[in-house]
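Structure file final.txt (compact mmCIF, C-alpha atoms (C1' of nucleotides)) is printed below.
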# COMPACT_ATOMS: atom_id res chain seq x y z
CA MET A 1 8.25 51.63 63.00
CA ASP A 2 8.99 55.30 62.69
CA ASN A 3 12.52 54.81 61.58
CA LYS A 4 11.70 55.52 57.99
CA LYS A 5 14.90 57.44 57.63
CA ALA A 6 16.76 54.19 57.36
CA ARG A 7 14.57 53.14 54.48
CA SER A 8 14.92 56.43 52.69
CA ALA A 9 16.90 56.48 49.48
CA GLY A 10 20.36 57.95 49.57
CA GLY A 11 19.75 61.09 47.60
CA SER A 12 17.28 62.75 49.92
CA ARG A 13 17.81 64.45 53.22
CA TRP A 14 15.83 63.73 56.29
CA THR A 15 14.40 67.07 57.30
CA GLN A 16 12.05 68.03 60.10
CA GLN A 17 9.31 68.59 57.59
CA ARG A 18 9.68 65.20 56.06
CA ALA A 19 9.68 63.64 59.49
CA ALA A 20 6.52 65.50 60.45
CA ILE A 21 4.78 64.51 57.26
CA SER A 22 5.86 60.93 57.54
CA GLU A 23 4.70 60.82 61.13
CA GLN A 24 1.38 62.46 60.49
CA ILE A 25 0.45 60.22 57.62
CA GLU A 26 1.05 57.20 59.77
CA LYS A 27 -1.51 58.42 62.23
CA ALA A 28 -4.12 58.73 59.54
CA PRO A 29 -6.59 55.86 59.59
CA GLY A 30 -6.95 55.65 55.83
CA PHE A 31 -5.96 57.48 52.72
CA VAL A 32 -5.47 61.22 52.91
CA SER A 33 -5.00 63.89 50.31
CA ALA A 34 -2.03 66.23 50.31
CA GLN A 35 -4.23 69.15 51.27
CA GLN A 36 -5.87 67.22 54.03
CA LEU A 37 -2.52 66.19 55.41
CA HIS A 38 -1.26 69.73 55.20
CA GLU A 39 -4.22 70.96 57.18
CA GLU A 40 -3.73 68.32 59.82
CA LEU A 41 -0.09 69.25 60.12
CA MET A 42 -0.95 72.89 60.61
CA HIS A 43 -3.47 71.99 63.27
CA ALA A 44 -0.87 69.84 64.92
CA GLY A 45 1.27 72.92 65.34
CA HIS A 46 3.67 72.41 62.49
CA SER A 47 4.25 75.16 59.99
CA ILE A 48 4.83 73.56 56.64
CA GLY A 49 4.25 74.83 53.15
CA LEU A 50 1.69 73.04 51.06
CA ALA A 51 4.22 72.65 48.28
CA THR A 52 6.55 70.91 50.66
CA VAL A 53 3.85 68.45 51.55
CA TYR A 54 3.27 67.73 47.89
CA ARG A 55 6.96 67.38 47.20
CA ASN A 56 7.57 65.05 50.09
CA LEU A 57 4.53 62.94 49.46
CA GLN A 58 5.80 62.38 45.97
CA THR A 59 9.29 61.58 47.12
CA LEU A 60 8.10 59.20 49.79
CA ALA A 61 5.83 57.50 47.33
CA ASP A 62 8.69 57.14 44.88
CA GLU A 63 10.76 55.56 47.59
CA GLY A 64 8.00 53.06 48.21
CA LEU A 65 7.17 54.30 51.67
CA LEU A 66 3.68 55.36 50.69
CA ASP A 67 0.82 53.96 48.70
CA VAL A 68 -0.84 56.26 46.23
CA LEU A 69 -4.39 56.10 45.08
CA TYR A 70 -6.24 58.32 42.66
CA SER A 71 -9.82 59.06 43.46
CA ASP A 72 -12.20 61.94 42.97
CA GLY A 73 -9.78 64.04 41.03
CA GLN A 74 -6.96 63.90 43.50
CA ASN A 75 -4.20 61.69 44.75
CA LEU A 76 -4.59 60.06 48.10
CA TYR A 77 -1.71 58.77 50.13
CA ARG A 78 -1.38 56.21 52.81
CA SER A 79 1.44 54.93 54.91
CA CYS A 80 2.62 51.68 53.44
CA ALA A 81 3.23 49.28 56.29
CA SER A 82 4.80 46.49 54.37
CA PRO A 83 7.26 46.77 51.54
CA ALA A 84 5.51 43.81 49.96
CA HIS A 85 3.22 44.35 47.04
CA HIS A 86 -0.40 44.45 48.10
CA HIS A 87 -3.76 45.86 47.24
CA HIS A 88 -6.53 47.64 49.07
CA LEU A 89 -10.13 46.97 49.81
CA VAL A 90 -11.68 50.31 50.61
CA CYS A 91 -15.12 50.98 52.00
CA ARG A 92 -16.96 53.39 49.77
CA GLN A 93 -18.89 54.70 52.73
CA CYS A 94 -16.62 55.06 55.71
CA GLY A 95 -13.23 54.76 54.12
CA LYS A 96 -12.17 51.77 56.17
CA THR A 97 -9.26 50.12 54.41
CA VAL A 98 -8.07 46.55 54.44
CA GLU A 99 -4.73 45.59 53.01
CA VAL A 100 -4.92 42.52 50.89
CA TYR A 101 -2.03 40.28 50.07
CA GLY A 102 -1.98 37.49 47.60
CA THR A 103 -0.27 36.50 44.45
CA VAL A 104 -3.32 35.39 42.52
CA VAL A 105 -3.64 38.62 40.64
CA GLU A 106 0.07 39.02 40.18
CA ASP A 107 0.45 35.57 38.72
CA TRP A 108 -2.54 35.98 36.49
CA ALA A 109 -1.43 39.38 35.27
CA ARG A 110 2.03 38.12 34.51
CA LYS A 111 0.69 35.13 32.68
CA ILE A 112 -1.68 37.13 30.54
CA ALA A 113 0.86 39.80 29.79
CA THR A 114 3.51 37.30 28.85
CA ALA A 115 1.10 35.53 26.58
CA GLU A 116 0.54 38.81 24.79
CA GLY A 117 4.25 39.38 24.46
CA PHE A 118 4.43 42.14 27.03
CA THR A 119 7.35 42.61 29.37
CA GLU A 120 8.07 44.84 32.34
CA VAL A 121 4.54 44.38 33.53
CA THR A 122 3.10 46.32 36.40
CA HIS A 123 -0.49 46.71 37.43
CA THR A 124 -2.84 48.63 39.63
CA LEU A 125 -5.73 47.06 41.43
CA GLU A 126 -8.07 48.60 43.90
CA MET A 127 -11.26 47.20 45.30
CA TYR A 128 -14.18 49.15 46.59
CA GLY A 129 -17.21 48.01 48.47
CA LEU A 130 -19.32 48.47 51.54
CA CYS A 131 -17.83 47.15 54.73
CA ALA A 132 -19.90 45.04 57.09
CA GLU A 133 -20.97 47.94 59.29
CA CYS A 134 -21.94 50.18 56.43
CA THR A 135 -23.82 47.36 54.76
CA ALA A 136 -25.76 46.76 57.93
CA ALA A 137 -26.42 50.45 58.33
CA ALA A 138 -27.62 50.73 54.77
CA ASN A 139 -29.97 47.82 55.11
CA GLY A 140 -31.30 49.05 58.37
CA GLN A 141 -32.21 52.50 57.15
CA ASN A 142 -33.38 51.90 53.63
CA GLN A 143 -33.58 48.93 51.32
CA ARG A 144 -31.73 50.49 48.46
CA GLN A 145 -30.59 54.05 48.15
CA GLU A 146 -30.47 54.30 44.38
CA MET F 147 -22.35 48.72 15.78
CA ASP F 148 -22.77 52.44 15.69
CA ASN F 149 -26.25 52.37 17.01
CA LYS F 150 -25.20 53.49 20.43
CA LYS F 151 -28.31 55.56 20.68
CA ALA F 152 -30.27 52.48 21.50
CA ARG F 153 -27.99 51.79 24.42
CA SER F 154 -28.19 55.31 25.72
CA ALA F 155 -30.00 55.91 28.95
CA GLY F 156 -33.41 57.47 28.82
CA GLY F 157 -32.66 60.86 30.28
CA SER F 158 -30.24 62.08 27.65
CA ARG F 159 -30.83 63.31 24.13
CA TRP F 160 -29.00 62.06 21.12
CA THR F 161 -27.48 65.18 19.63
CA GLN F 162 -25.20 65.63 16.65
CA GLN F 163 -22.35 66.43 18.96
CA ARG F 164 -22.77 63.32 20.99
CA ALA F 165 -22.93 61.28 17.81
CA ALA F 166 -19.74 62.87 16.51
CA ILE F 167 -17.93 62.29 19.76
CA SER F 168 -19.15 58.75 20.01
CA GLU F 169 -18.11 58.09 16.45
CA GLN F 170 -14.72 59.67 16.76
CA ILE F 171 -13.76 57.84 19.88
CA GLU F 172 -14.54 54.56 18.19
CA LYS F 173 -12.01 55.32 15.52
CA ALA F 174 -9.30 55.93 18.06
CA PRO F 175 -6.92 53.01 18.36
CA GLY F 176 -6.43 53.32 22.07
CA PHE F 177 -7.26 55.61 24.92
CA VAL F 178 -7.64 59.29 24.23
CA SER F 179 -7.95 62.31 26.45
CA ALA F 180 -10.83 64.73 26.20
CA GLN F 181 -8.56 67.40 24.79
CA GLN F 182 -7.10 65.03 22.26
CA LEU F 183 -10.52 63.94 21.14
CA HIS F 184 -11.65 67.51 20.87
CA GLU F 185 -8.71 68.35 18.66
CA GLU F 186 -9.38 65.38 16.42
CA LEU F 187 -13.00 66.39 16.10
CA MET F 188 -12.03 69.88 15.07
CA HIS F 189 -9.64 68.50 12.49
CA ALA F 190 -12.37 66.24 11.24
CA GLY F 191 -14.40 69.30 10.44
CA HIS F 192 -16.74 69.31 13.41
CA SER F 193 -17.11 72.39 15.51
CA ILE F 194 -17.63 71.33 19.06
CA GLY F 195 -16.90 73.05 22.32
CA LEU F 196 -14.35 71.49 24.58
CA ALA F 197 -16.80 71.60 27.44
CA THR F 198 -19.27 69.62 25.40
CA VAL F 199 -16.68 66.95 24.80
CA TYR F 200 -16.00 66.74 28.52
CA ARG F 201 -19.68 66.62 29.34
CA ASN F 202 -20.45 63.92 26.82
CA LEU F 203 -17.47 61.83 27.68
CA GLN F 204 -18.64 61.81 31.24
CA THR F 205 -22.18 60.99 30.31
CA LEU F 206 -21.17 58.22 27.96
CA ALA F 207 -18.88 56.78 30.58
CA ASP F 208 -21.67 56.89 33.13
CA GLU F 209 -23.88 55.01 30.74
CA GLY F 210 -21.23 52.35 30.40
CA LEU F 211 -20.45 53.05 26.77
CA LEU F 212 -16.90 54.12 27.50
CA ASP F 213 -14.04 52.90 29.58
CA VAL F 214 -12.23 55.46 31.65
CA LEU F 215 -8.65 55.35 32.72
CA TYR F 216 -6.67 57.82 34.77
CA SER F 217 -3.09 58.33 33.81
CA ASP F 218 -0.61 61.16 33.90
CA GLY F 219 -2.92 63.59 35.55
CA GLN F 220 -5.79 63.21 33.17
CA ASN F 221 -8.66 60.95 32.29
CA LEU F 222 -8.42 58.84 29.20
CA TYR F 223 -11.43 57.40 27.44
CA ARG F 224 -11.90 54.49 25.13
CA SER F 225 -14.83 53.03 23.34
CA CYS F 226 -16.05 50.05 25.23
CA ALA F 227 -16.72 47.38 22.65
CA SER F 228 -18.17 44.73 24.86
CA PRO F 229 -20.59 45.29 27.66
CA ALA F 230 -18.77 42.51 29.46
CA HIS F 231 -16.45 43.39 32.26
CA HIS F 232 -12.85 43.39 31.16
CA HIS F 233 -9.47 44.89 31.83
CA HIS F 234 -6.72 46.45 29.80
CA LEU F 235 -3.13 45.71 29.14
CA VAL F 236 -1.57 48.92 27.93
CA CYS F 237 1.86 49.43 26.45
CA ARG F 238 3.70 52.12 28.34
CA GLN F 239 5.60 53.05 25.23
CA CYS F 240 3.32 53.01 22.22
CA GLY F 241 -0.07 52.89 23.86
CA LYS F 242 -1.13 49.67 22.21
CA THR F 243 -4.01 48.24 24.17
CA VAL F 244 -5.17 44.70 24.60
CA GLU F 245 -8.51 43.91 26.15
CA VAL F 246 -8.31 41.13 28.64
CA TYR F 247 -11.20 38.99 29.72
CA GLY F 248 -11.24 36.52 32.50
CA THR F 249 -12.92 35.90 35.75
CA VAL F 250 -9.87 35.05 37.79
CA VAL F 251 -9.53 38.49 39.27
CA GLU F 252 -13.24 38.96 39.66
CA ASP F 253 -13.61 35.71 41.54
CA TRP F 254 -10.64 36.39 43.70
CA ALA F 255 -11.75 39.93 44.49
CA ARG F 256 -15.21 38.75 45.40
CA LYS F 257 -13.87 36.01 47.59
CA ILE F 258 -11.50 38.28 49.47
CA ALA F 259 -14.06 41.00 49.88
CA THR F 260 -16.70 38.64 51.11
CA ALA F 261 -14.29 37.16 53.59
CA GLU F 262 -13.74 40.65 54.98
CA GLY F 263 -17.45 41.25 55.22
CA PHE F 264 -17.65 43.66 52.31
CA THR F 265 -20.57 43.81 49.93
CA GLU F 266 -21.29 45.67 46.71
CA VAL F 267 -17.76 45.07 45.60
CA THR F 268 -16.31 46.65 42.51
CA HIS F 269 -12.73 46.93 41.44
CA THR F 270 -10.38 48.57 39.01
CA LEU F 271 -7.48 46.79 37.44
CA GLU F 272 -5.16 48.05 34.78
CA MET F 273 -1.97 46.48 33.58
CA TYR F 274 0.95 48.29 32.04
CA GLY F 275 3.98 46.95 30.31
CA LEU F 276 6.07 47.02 27.18
CA CYS F 277 4.60 45.30 24.18
CA ALA F 278 6.66 42.93 22.11
CA GLU F 279 7.71 45.53 19.56
CA CYS F 280 8.67 48.13 22.10
CA THR F 281 10.56 45.55 24.12
CA ALA F 282 12.52 44.59 21.05
CA ALA F 283 13.14 48.21 20.17
CA ALA F 284 14.32 48.95 23.67
CA ASN F 285 16.71 46.03 23.71
CA GLY F 286 18.05 46.88 20.32
CA GLN F 287 18.91 50.47 21.09
CA ASN F 288 20.12 50.34 24.65
CA GLN F 289 20.36 47.76 27.37
CA ARG F 290 18.44 49.67 30.00
CA GLN F 291 17.29 53.19 29.85
CA GLU F 292 17.03 53.93 33.52
C1' DT B 293 30.74 75.14 53.26
C1' DT B 294 27.19 73.61 49.98
C1' DG B 295 23.79 71.46 47.50
C1' DG B 296 19.35 69.74 48.42
C1' DG B 297 15.08 71.32 50.92
C1' DT B 298 11.67 74.79 52.08
C1' DG B 299 8.20 78.53 51.64
C1' DC B 300 5.73 81.53 49.25
C1' DA B 301 3.25 83.04 45.55
C1' DA B 302 2.51 82.84 40.87
C1' DA B 303 1.88 79.60 37.01
C1' DT B 304 -0.14 75.49 34.99
C1' DG B 305 -3.37 72.47 33.20
C1' DA B 306 -7.25 69.56 33.34
C1' DT B 307 -11.92 69.82 34.31
C1' DT B 308 -16.20 72.33 35.63
C1' DT B 309 -19.74 75.75 35.55
C1' DG B 310 -22.89 79.98 34.59
C1' DC B 311 -25.77 81.49 31.31
C1' DA B 312 -27.92 82.74 26.93
C1' DA B 313 -28.86 80.73 22.50
C1' DC B 314 -30.42 76.35 20.46
C1' DA B 315 -31.96 71.73 19.09
C1' DT B 316 -34.46 67.68 20.19
C1' DC B 317 -38.44 65.43 21.75
C1' DG H 318 -43.29 74.67 23.42
C1' DA H 319 -40.59 72.75 27.12
C1' DT H 320 -36.43 70.96 28.54
C1' DG H 321 -32.02 68.97 28.02
C1' DT H 322 -27.77 70.56 25.35
C1' DT H 323 -24.28 73.51 23.47
C1' DG H 324 -20.64 77.16 23.43
C1' DC H 325 -17.99 80.30 25.21
C1' DA H 326 -15.42 82.20 28.71
C1' DA H 327 -14.62 82.64 33.33
C1' DA H 328 -13.99 80.00 37.47
C1' DT H 329 -12.14 75.92 40.10
C1' DC H 330 -8.90 73.12 42.04
C1' DA H 331 -5.22 70.03 42.61
C1' DT H 332 -0.62 70.14 41.64
C1' DT H 333 3.82 72.25 39.96
C1' DT H 334 7.40 75.56 39.66
C1' DG H 335 10.69 79.75 40.07
C1' DC H 336 13.47 81.70 43.18
C1' DA H 337 15.58 83.49 47.35
C1' DC H 338 16.59 81.82 51.79
C1' DC H 339 17.72 78.01 55.06
C1' DC H 340 19.48 73.73 57.06
C1' DA H 341 21.29 69.00 57.27
C1' DA H 342 25.43 66.55 56.08

Target format structure tokens, applied to this file:
Amino acid sequence: MDNKKARSAGGSRWTQQRAAISEQIEKAPGFVSAQQLHEELMHAGHSIGLATVYRNLQTLADEGLLDVLYSDGQNLYRSCASPAHHHHLVCRQCGKTVEVYGTVVEDWARKIATAEGFTEVTHTLEMYGLCAECTAAANGQNQRQE
Amino acid sequence: MDNKKARSAGGSRWTQQRAAISEQIEKAPGFVSAQQLHEELMHAGHSIGLATVYRNLQTLADEGLLDVLYSDGQNLYRSCASPAHHHHLVCRQCGKTVEVYGTVVEDWARKIATAEGFTEVTHTLEMYGLCAECTAAANGQNQRQE
DNA sequence: TTGGGTGCAAATGATTTGCAACATC
DNA sequence: GATGTTGCAAATCATTTGCACCCAA
């Protein structure tokens, strides 16, 4: 659960700061930005430099312990529960996130890429929508908002 | 072909600058950054402000005439040939881009999202890899570079 | 001990914005 | 002629970095 240290790569040390960051991001319900996380950490009583948060977030992401998402001009991070490759279905309205597993996309991507002669293929896939609650809310208040 | 004006939304004017930008980006072989495009325009003899390039790129993208891609801390734009939804397979090395069509991902995404109760689903999918040439080049020079 | 980690503040770099001059409709 | 657009420069803002000090191994 919180024993991320074991999963950490060899080259990096397990400091208090990293522990705090790692812990805090797991509490977050969805994706959070570095700044957001830093603020939360400060409120939680920790005293960590913003740069340290950035540095660790990057390191943790590199080690595969975090998922990264780019949105609105900034990177958002999220604790990555499973080491398995997966995607996200994020609610545009409330931010609710569902982790989606499945090899359909992977297989398809690999097939297409191979057909084109590409190797070392990776991909990024994110899905956005309105979750059930937000859809209901939207319909209840106004037919269409744009 | 180059009659993008017709496709332009009603609220925006078709200025020389927008025409130049629109034209230049169509010549680009792959994705280009705003700065890159601006530089090319200057070289091509046009005198356009960087801000104008940014503004137009955004507008054009909003109108669906351009594809946007975020990579390496900046947005990259590319002329969107077909109005049809498609994805890209980009070579990490040389930037060669292949447009990929197919409904596999779309169908899958819609199915998953619906199952989770989401509506108004959209998604982003980009694929990266090494194209045939770059793969060959990489193998020829060194077994593995990292 | 000792090299990686941290904190701070300054630096960077892409993108945005205020505002007066200007072109398009 | 009115209004959206352009240009420039200054302003933002997320992220990075230099460097002296500190701590985990």

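Comparing F:His231, F:Arg238, F:Arg201, F:Arg164 by their smallest distance to chain B, the closest is F:Arg201 (using all atoms listed in the file).
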
What are the closest atom pairs, with distances in Å to one decimal, for each residue of chain B lying within 9 Å of chain F, using only C-alpha atoms (C1' of nucleotides), rows by chain and rising residue number, as JSON lines?
{"residue": "B:DA306", "atom": "C1'", "partner": "F:Gln220", "partner_atom": "CA", "distance": 6.5}
{"residue": "B:DT307", "atom": "C1'", "partner": "F:Tyr200", "partner_atom": "CA", "distance": 7.7}
{"residue": "B:DT308", "atom": "C1'", "partner": "F:Ala197", "partner_atom": "CA", "distance": 8.2}
{"residue": "B:DA315", "atom": "C1'", "partner": "F:Thr161", "partner_atom": "CA", "distance": 8.0}
{"residue": "B:DT316", "atom": "C1'", "partner": "F:Arg159", "partner_atom": "CA", "distance": 6.9}
{"residue": "B:DC317", "atom": "C1'", "partner": "F:Arg159", "partner_atom": "CA", "distance": 8.3}

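Residues of chain H having any atom within 9 Å of chain F, counting all atoms listed in the file, are DG321, DT322, DT323, DG324 and DC325 of chain H.
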
As a CSV table (one decimal) with C-alpha atoms, in the coordinates of the input, please: chain A after a least-squares superposition onto chain F using all C-alpha atoms matched in order.
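Contents of the output file selection_36.csv:
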chain,number,residue,atom,x,y,z
A,1,MET,CA,-21.6,48.9,15.7
A,2,ASP,CA,-22.3,52.6,15.5
A,3,ASN,CA,-25.8,52.3,16.7
A,4,LYS,CA,-25.0,53.4,20.2
A,5,LYS,CA,-28.1,55.4,20.4
A,6,ALA,CA,-30.0,52.2,21.1
A,7,ARG,CA,-27.8,51.5,24.0
A,8,SER,CA,-28.1,55.0,25.4
A,9,ALA,CA,-30.0,55.5,28.6
A,10,GLY,CA,-33.5,57.0,28.4
A,11,GLY,CA,-32.8,60.3,29.9
A,12,SER,CA,-30.4,61.7,27.4
A,13,ARG,CA,-30.9,62.9,23.9
A,14,TRP,CA,-29.0,61.8,20.9
A,15,THR,CA,-27.5,65.0,19.5
A,16,GLN,CA,-25.2,65.6,16.6
A,17,GLN,CA,-22.4,66.4,19.0
A,18,ARG,CA,-22.8,63.2,20.9
A,19,ALA,CA,-22.9,61.3,17.7
A,20,ALA,CA,-19.7,63.0,16.5
A,21,ILE,CA,-17.9,62.4,19.7
A,22,SER,CA,-19.1,58.8,19.9
A,23,GLU,CA,-17.9,58.2,16.4
A,24,GLN,CA,-14.6,59.9,16.8
A,25,ILE,CA,-13.7,58.0,19.9
A,26,GLU,CA,-14.3,54.7,18.1
A,27,LYS,CA,-11.8,55.6,15.5
A,28,ALA,CA,-9.1,56.2,18.1
A,29,PRO,CA,-6.7,53.3,18.4
A,30,GLY,CA,-6.3,53.6,22.1
A,31,PHE,CA,-7.2,55.8,25.0
A,32,VAL,CA,-7.7,59.5,24.4
A,33,SER,CA,-8.1,62.5,26.6
A,34,ALA,CA,-11.0,64.8,26.4
A,35,GLN,CA,-8.8,67.6,25.0
A,36,GLN,CA,-7.2,65.3,22.5
A,37,LEU,CA,-10.6,64.2,21.3
A,38,HIS,CA,-11.8,67.7,21.1
A,39,GLU,CA,-8.9,68.7,18.9
A,40,GLU,CA,-9.4,65.7,16.6
A,41,LEU,CA,-13.1,66.6,16.3
A,42,MET,CA,-12.2,70.2,15.3
A,43,HIS,CA,-9.7,68.9,12.8
A,44,ALA,CA,-12.3,66.6,11.4
A,45,GLY,CA,-14.4,69.7,10.7
A,46,HIS,CA,-16.8,69.5,13.6
A,47,SER,CA,-17.3,72.6,15.7
A,48,ILE,CA,-17.9,71.4,19.2
A,49,GLY,CA,-17.3,73.1,22.5
A,50,LEU,CA,-14.7,71.5,24.8
A,51,ALA,CA,-17.2,71.5,27.6
A,52,THR,CA,-19.6,69.5,25.5
A,53,VAL,CA,-16.9,67.0,24.9
A,54,TYR,CA,-16.3,66.7,28.6
A,55,ARG,CA,-20.0,66.5,29.4
A,56,ASN,CA,-20.6,63.8,26.8
A,57,LEU,CA,-17.6,61.8,27.7
A,58,GLN,CA,-18.8,61.6,31.2
A,59,THR,CA,-22.4,60.7,30.2
A,60,LEU,CA,-21.2,58.0,27.9
A,61,ALA,CA,-18.9,56.6,30.5
A,62,ASP,CA,-21.8,56.6,33.0
A,63,GLU,CA,-23.9,54.7,30.5
A,64,GLY,CA,-21.2,52.1,30.2
A,65,LEU,CA,-20.4,52.9,26.6
A,66,LEU,CA,-16.9,54.1,27.4
A,67,ASP,CA,-14.0,52.9,29.5
A,68,VAL,CA,-12.3,55.5,31.6
A,69,LEU,CA,-8.7,55.4,32.8
A,70,TYR,CA,-6.8,57.9,34.9
A,71,SER,CA,-3.2,58.5,33.9
A,72,ASP,CA,-0.8,61.4,34.0
A,73,GLY,CA,-3.2,63.7,35.7
A,74,GLN,CA,-6.0,63.3,33.3
A,75,ASN,CA,-8.8,61.0,32.4
A,76,LEU,CA,-8.5,59.0,29.3
A,77,TYR,CA,-11.4,57.5,27.5
A,78,ARG,CA,-11.8,54.6,25.1
A,79,SER,CA,-14.7,53.1,23.2
A,80,CYS,CA,-15.9,50.1,25.1
A,81,ALA,CA,-16.5,47.3,22.6
A,82,SER,CA,-18.1,44.8,24.8
A,83,PRO,CA,-20.5,45.5,27.6
A,84,ALA,CA,-18.8,42.7,29.5
A,85,HIS,CA,-16.5,43.6,32.4
A,86,HIS,CA,-12.9,43.5,31.2
A,87,HIS,CA,-9.5,45.0,31.9
A,88,HIS,CA,-6.7,46.5,29.8
A,89,LEU,CA,-3.1,45.7,29.1
A,90,VAL,CA,-1.5,48.9,27.9
A,91,CYS,CA,1.9,49.3,26.4
A,92,ARG,CA,3.8,52.0,28.3
A,93,GLN,CA,5.7,52.9,25.2
A,94,CYS,CA,3.4,52.9,22.2
A,95,GLY,CA,0.0,52.9,23.9
A,96,LYS,CA,-1.1,49.6,22.2
A,97,THR,CA,-4.0,48.3,24.2
A,98,VAL,CA,-5.2,44.7,24.6
A,99,GLU,CA,-8.6,44.0,26.2
A,100,VAL,CA,-8.4,41.2,28.7
A,101,TYR,CA,-11.3,39.1,29.8
A,102,GLY,CA,-11.3,36.6,32.6
A,103,THR,CA,-13.0,36.1,35.9
A,104,VAL,CA,-10.0,35.2,37.9
A,105,VAL,CA,-9.6,38.6,39.3
A,106,GLU,CA,-13.3,39.1,39.8
A,107,ASP,CA,-13.7,35.9,41.7
A,108,TRP,CA,-10.6,36.5,43.8
A,109,ALA,CA,-11.7,40.0,44.6
A,110,ARG,CA,-15.2,38.9,45.5
A,111,LYS,CA,-13.8,36.2,47.7
A,112,ILE,CA,-11.4,38.4,49.6
A,113,ALA,CA,-13.9,41.2,50.0
A,114,THR,CA,-16.6,38.8,51.3
A,115,ALA,CA,-14.2,37.3,53.7
A,116,GLU,CA,-13.5,40.8,55.1
A,117,GLY,CA,-17.2,41.4,55.4
A,118,PHE,CA,-17.4,43.9,52.5
A,119,THR,CA,-20.4,44.1,50.1
A,120,GLU,CA,-21.1,45.9,46.9
A,121,VAL,CA,-17.6,45.3,45.8
A,122,THR,CA,-16.2,46.8,42.7
A,123,HIS,CA,-12.6,47.1,41.6
A,124,THR,CA,-10.3,48.7,39.1
A,125,LEU,CA,-7.4,46.9,37.5
A,126,GLU,CA,-5.1,48.1,34.8
A,127,MET,CA,-1.9,46.5,33.6
A,128,TYR,CA,1.0,48.2,32.0
A,129,GLY,CA,4.0,46.8,30.2
A,130,LEU,CA,6.1,46.9,27.1
A,131,CYS,CA,4.5,45.2,24.1
A,132,ALA,CA,6.5,42.8,22.0
A,133,GLU,CA,7.6,45.4,19.5
A,134,CYS,CA,8.6,47.9,22.0
A,135,THR,CA,10.5,45.3,24.0
A,136,ALA,CA,12.4,44.3,20.9
A,137,ALA,CA,13.1,47.9,20.1
A,138,ALA,CA,14.3,48.6,23.5
A,139,ASN,CA,16.7,45.6,23.5
A,140,GLY,CA,18.0,46.4,20.1
A,141,GLN,CA,18.9,50.0,20.9
A,142,ASN,CA,20.1,49.8,24.5
A,143,GLN,CA,20.3,47.2,27.1
A,144,ARG,CA,18.5,49.1,29.8
A,145,GLN,CA,17.4,52.7,29.7
A,146,GLU,CA,17.4,53.4,33.4

Go through chain A residue by residue and, counting only C-alpha atoms, keep those with an atom at most 6 Å from chain F; for each kept residue give the shortest atom pair and its distance in Å to one decimal, ordered by chain and increasing number, as JSON lines.
{"residue": "A:Gly117", "atom": "CA", "partner": "F:Ala278", "partner_atom": "CA", "distance": 4.9}
{"residue": "A:Phe118", "atom": "CA", "partner": "F:Cys277", "partner_atom": "CA", "distance": 4.3}
{"residue": "A:Thr119", "atom": "CA", "partner": "F:Leu276", "partner_atom": "CA", "distance": 5.1}
{"residue": "A:Glu120", "atom": "CA", "partner": "F:Gly275", "partner_atom": "CA", "distance": 5.0}
{"residue": "A:Val121", "atom": "CA", "partner": "F:Gly275", "partner_atom": "CA", "distance": 4.2}
{"residue": "A:Thr122", "atom": "CA", "partner": "F:Tyr274", "partner_atom": "CA", "distance": 5.2}
{"residue": "A:His123", "atom": "CA", "partner": "F:Met273", "partner_atom": "CA", "distance": 4.1}
{"residue": "A:Thr124", "atom": "CA", "partner": "F:Glu272", "partner_atom": "CA", "distance": 5.4}
{"residue": "A:Leu125", "atom": "CA", "partner": "F:Leu271", "partner_atom": "CA", "distance": 4.4}
{"residue": "A:Glu126", "atom": "CA", "partner": "F:Thr270", "partner_atom": "CA", "distance": 5.4}
{"residue": "A:Met127", "atom": "CA", "partner": "F:His269", "partner_atom": "CA", "distance": 4.1}
{"residue": "A:Tyr128", "atom": "CA", "partner": "F:Thr268", "partner_atom": "CA", "distance": 5.2}
{"residue": "A:Gly129", "atom": "CA", "partner": "F:Val267", "partner_atom": "CA", "distance": 4.1}
{"residue": "A:Leu130", "atom": "CA", "partner": "F:Thr265", "partner_atom": "CA", "distance": 5.1}
{"residue": "A:Cys131", "atom": "CA", "partner": "F:Phe264", "partner_atom": "CA", "distance": 4.3}
{"residue": "A:Ala132", "atom": "CA", "partner": "F:Gly263", "partner_atom": "CA", "distance": 4.9}

(message) Just the number, please: distance in Å from atom CA of F:Gly210 to atom CA of F:Asp253, one decimal.
(response) 21.4 Å

(message) Quick check, in Å to one decimal: how far apart do atom CA of A:Glu23 and atom CA of A:Met42 lie?
(response) 13.3 Å

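Straight-line separation from atom CA of F:Leu215 to atom CA of A:Val68: 15.6 Å.
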
How big is the axis-aligned box around the listed atoms of stretch 321-337 of chain H once 8 Å is added on each side, and where is its centre? Give both in Å to one decimal, as lines of an AutoDock Vina configuration file.
center_x = -8.2
center_y = 76.2
center_z = 35.4
size_x = 63.6
size_y = 30.5
size_z = 39.9

(request) Would you list the contacts of B:DA301 as number ranges by chain, taking every protein, DNA or RNA residue within 10 Å and counting only C-alpha atoms (C1' of nucleotides), but skipping same-chain residues closer than 2 positions in sequence? (result) B: 299, 303; H: 335

Export C-alpha atoms (C1' of nucleotides) of the chosen residues as a PDB file, in the coordinates of the input?
ATOM      1  C1'  DG B 299       8.200  78.530  51.640  1.00  0.00           C
ATOM      2  C1'  DA B 303       1.880  79.600  37.010  1.00  0.00           C
TER       3       DA B 303
ATOM      4  C1'  DG H 335      10.690  79.750  40.070  1.00  0.00           C
TER       5       DG H 335
END

(request) For A:Ala44, work out the shell of residues within 10 Å, counting all atoms listed in the file and skipping chain neighbours fewer than 5 positions away, then give it as an MDAnalysis selection string. (result) chainID A and resid 20 24 38:39

(request) Determine the nearest neighbour of F:Gln204 from the options F:Leu222, F:Ala165, F:Cys240, F:Ala174, counting only C-alpha atoms. (result) F:Leu222
